[in-house]
$ cat work_3.csv   # CSV, C-alpha atoms
chain,number,residue,atom,x,y,z
A,1,GLN,CA,100.0,-63.7,183.3
A,2,VAL,CA,100.0,-60.8,180.9
A,3,GLN,CA,100.8,-57.4,182.5
A,4,LEU,CA,100.8,-54.0,181.0
A,5,VAL,CA,102.0,-51.3,183.4
A,6,GLU,CA,101.7,-47.6,182.5
A,7,SER,CA,103.9,-44.9,184.1
A,8,GLY,CA,104.9,-41.3,183.5
A,9,GLY,CA,101.6,-39.6,184.4
A,10,GLY,CA,101.4,-36.6,186.6
A,11,LEU,CA,100.4,-32.9,187.0
A,12,VAL,CA,101.6,-30.5,184.3
A,13,GLN,CA,100.6,-26.9,183.3
A,14,ALA,CA,98.9,-26.3,180.0
A,15,GLY,CA,101.5,-26.1,177.2
A,16,GLY,CA,103.8,-28.6,179.0
A,17,SER,CA,104.8,-32.1,178.1
A,18,LEU,CA,104.7,-35.6,179.5
A,19,ARG,CA,106.0,-38.9,178.3
A,20,LEU,CA,104.0,-42.0,179.2
A,21,SER,CA,105.4,-45.5,179.1
A,22,CYS,CA,103.8,-48.9,178.9
A,23,ALA,CA,105.9,-51.9,179.9
A,24,ALA,CA,104.6,-55.3,178.8
A,25,SER,CA,105.4,-58.7,180.3
A,26,SER,CA,104.3,-62.3,179.5
A,27,LEU,CA,103.2,-61.1,176.1
A,28,THR,CA,104.4,-61.5,172.6
A,29,PHE,CA,104.8,-57.7,172.6
A,30,SER,CA,106.7,-57.4,169.3
A,31,ASN,CA,103.9,-59.2,167.5
A,32,ARG,CA,101.0,-57.0,168.7
A,33,THR,CA,99.5,-53.8,167.7
A,34,MET,CA,99.4,-51.5,170.7
A,35,GLY,CA,97.2,-48.6,171.6
A,36,TRP,CA,96.6,-45.7,174.0
A,37,PHE,CA,93.2,-44.8,175.3
A,38,ARG,CA,92.0,-42.3,177.8
A,39,GLN,CA,89.0,-41.7,180.0
A,40,SER,CA,87.8,-38.6,181.8
A,41,PRO,CA,85.2,-38.6,184.6
A,42,GLY,CA,81.7,-39.0,183.2
A,43,LYS,CA,83.0,-39.8,179.7
A,44,ASP,CA,83.5,-42.9,177.7
A,45,ARG,CA,86.9,-44.3,177.1
A,46,GLU,CA,88.3,-42.8,173.9
A,47,PHE,CA,90.9,-43.7,171.5
A,48,VAL,CA,94.2,-41.7,171.5
A,49,ALA,CA,96.7,-43.4,169.3
A,50,THR,CA,97.8,-46.8,168.0
A,51,ILE,CA,100.9,-48.3,166.5
A,52,THR,CA,101.5,-51.5,164.6
A,53,TRP,CA,103.6,-54.4,165.7
A,54,ARG,CA,106.6,-53.3,163.6
A,55,GLY,CA,106.1,-49.7,164.5
A,56,THR,CA,105.8,-48.7,160.9
A,57,SER,CA,102.2,-47.4,160.9
A,58,MET,CA,100.5,-45.1,163.4
A,59,HIS,CA,97.1,-43.6,163.7
A,60,TYR,CA,96.0,-40.8,166.0
A,61,ALA,CA,92.7,-39.3,167.2
A,62,HIS,CA,92.1,-35.9,165.6
A,63,SER,CA,92.2,-34.2,169.0
A,64,VAL,CA,95.8,-35.1,169.6
A,65,LEU,CA,97.2,-35.1,166.0
A,66,GLY,CA,100.3,-33.0,165.8
A,67,ARG,CA,100.8,-32.9,169.6
A,68,PHE,CA,101.1,-36.5,170.6
A,69,THR,CA,103.6,-39.1,169.2
A,70,ILE,CA,103.3,-42.9,169.8
A,71,SER,CA,106.3,-45.1,169.5
A,72,ARG,CA,107.6,-48.5,170.7
A,73,ASP,CA,110.8,-50.3,171.5
A,74,ASN,CA,110.3,-54.0,170.9
A,75,ALA,CA,113.6,-54.9,172.4
A,76,LYS,CA,112.4,-53.4,175.7
A,77,ASN,CA,108.8,-54.5,175.4
A,78,THR,CA,107.8,-51.0,175.9
A,79,MET,CA,105.5,-48.5,174.2
A,80,TYR,CA,105.6,-44.7,174.7
A,81,LEU,CA,103.3,-41.7,174.2
A,82,GLN,CA,105.1,-38.4,174.0
A,83,MET,CA,102.5,-35.7,174.8
A,84,ASN,CA,103.4,-32.1,173.9
A,85,SER,CA,101.4,-28.8,174.0
A,86,LEU,CA,99.1,-30.3,176.6
A,87,LYS,CA,95.7,-28.8,177.2
A,88,PRO,CA,93.3,-29.0,180.2
A,89,GLU,CA,91.0,-31.2,178.0
A,90,ASP,CA,93.8,-33.8,177.9
A,91,THR,CA,93.2,-34.5,181.6
A,92,ALA,CA,92.2,-38.2,181.9
A,93,VAL,CA,93.4,-41.6,183.0
A,94,TYR,CA,95.5,-43.0,180.2
A,95,TYR,CA,95.5,-46.7,179.5
A,96,CYS,CA,97.7,-48.8,177.2
A,97,ALA,CA,96.3,-51.9,175.5
A,98,ALA,CA,97.4,-54.8,173.4
A,99,ASP,CA,95.6,-56.1,170.3
A,100,ARG,CA,93.9,-59.5,170.7
A,101,VAL,CA,95.4,-60.7,167.4
A,102,GLN,CA,99.1,-60.8,166.3
A,103,PHE,CA,100.5,-59.1,163.3
A,104,GLY,CA,97.5,-56.9,162.8
A,105,SER,CA,97.1,-53.4,161.5
A,106,THR,CA,96.3,-50.2,163.5
A,107,VAL,CA,93.2,-50.5,165.7
A,108,SER,CA,91.2,-47.6,167.1
A,109,ILE,CA,88.3,-49.6,168.6
A,110,ALA,CA,88.7,-50.6,172.2
A,111,ASP,CA,86.8,-53.8,171.8
A,112,PHE,CA,89.5,-55.2,169.6
A,113,TYR,CA,92.1,-55.0,172.4
A,114,GLU,CA,92.4,-57.9,174.8
A,115,TYR,CA,94.9,-56.7,177.4
A,116,TRP,CA,94.8,-53.5,179.4
A,117,GLY,CA,96.9,-51.7,181.9
A,118,GLN,CA,95.7,-50.2,185.1
A,119,GLY,CA,96.0,-46.6,183.9
A,120,THR,CA,98.0,-43.6,184.8
A,121,GLN,CA,96.5,-40.2,185.7
A,122,VAL,CA,97.4,-37.2,183.6
A,123,THR,CA,96.2,-33.8,184.9
A,124,VAL,CA,96.7,-30.6,182.9
A,125,SER,CA,96.1,-27.4,184.8
A,126,SER,CA,95.1,-24.2,183.1
$ encode --input "work_3.csv" --output "structure tokens"
Amino acid sequence: QVQLVESGGGLVQAGGSLRLSCAASSLTFSNRTMGWFRQSPGKDREFVATITWRGTSMHYAHSVLGRFTISRDNAKNTMYLQMNSLKPEDTAVYYCAADRVQFGSTVSIADFYEYWGQGTQVTVSS
């Protein structure tokens, strides 16, 4: 059974940093585009960042561009999201997801992802 497990969330002051991790199991991780999404109370799930299977191409939401960095280590079946200069509006549950197809390009639409983690809470205080 495919599992994606996020970790690294927590409470941080505005301007601080966090690094999220997403560990994958029972999945051909190295062949899949991966993505990060987030959801705040009362809002739809929104795209944050995506990275291709080789890690050579990334795409970010405008709201996090220049502050967040997505990366992956295929040898460890793990993806990361380095979040710097955090703002209160970044507060959300962050989810990692794996593309439904293999060897695809960057994907920013949630419907194209097949596997999802349970989420990790990020809270940024002002």
$ residues_around --input "work_3.csv" --residues "A:Asp44" --least-positions-apart "6" --cutoff "12 Å" --atoms "all atoms listed in the file" --output "VMD selection string"
chain A and resid 37 to 38 92 to 93 110
$ closest_residue --input "work_3.csv" --among "A:Val12, A:Val122, A:Met34, A:Leu18" --to "A:Phe103" --atoms "only C-alpha atoms"
A:Met34
$ residues_around --input "work_3.csv" --residues "A:Ile70" --least-positions-apart "4" --cutoff "12 Å" --atoms "all atoms listed in the file" --output "ChimeraX atom specification"
/A:19-22,33-37,48-52,55-61,64-66,78-84,96,106
$ closest_residue --input "work_3.csv" --among "A:Tyr94, A:Val2, A:Gly104, A:Arg54" --to "A:Ser26" --atoms "all atoms listed in the file"
A:Val2
$ atom_distance --input "work_3.csv" --atom1 "atom CA of A:Val107" --atom2 "atom CA of A:Gly8"
23.2 Å
$ atom_distance --input "work_3.csv" --atom1 "atom CA of A:Gly42" --atom2 "atom CA of A:Asp99"
25.5 Å
$ atom_distance --input "work_3.csv" --atom1 "atom CA of A:Ser105" --atom2 "atom CA of A:Asn77"
18.2 Å
$ residues_near_point --input "work_3.csv" --point "(106.6, -62.4, 168.7)" --cutoff "10 Å" --atoms "all atoms listed in the file" --output "PyMOL selection string"
chain A and resi 27-32+53+74+102-103
$ closest_residue --input "work_3.csv" --among "A:Thr120, A:Ile109, A:Pro88, A:Ser126" --to "A:Gly9" --atoms "all atoms listed in the file"
A:Thr120
$ residues_near_point --input "work_3.csv" --point "(96.2, -61.0, 175.8)" --cutoff "6 Å" --atoms "all atoms listed in the file" --output "list in words"
Arg100, Glu114 and Tyr115 of chain A
$ write_last_selection --input "work_3.csv" --atoms "C-alpha atoms" --output "short mmCIF file (atom, residue, chain, number, x, y, z; two decimals), keeping the file's coordinate frame"
data_model
loop_
_atom_site.label_atom_id
_atom_site.label_comp_id
_atom_site.auth_asym_id
_atom_site.auth_seq_id
_atom_site.Cartn_x
_atom_site.Cartn_y
_atom_site.Cartn_z
CA ARG A 100 93.90 -59.50 170.70
CA GLU A 114 92.40 -57.90 174.80
CA TYR A 115 94.90 -56.70 177.40
#
$ closest_residue --input "work_3.csv" --among "A:Ser71, A:Ser63, A:Ser25, A:Ser125" --to "A:Gly10" --atoms "all atoms listed in the file"
A:Ser125
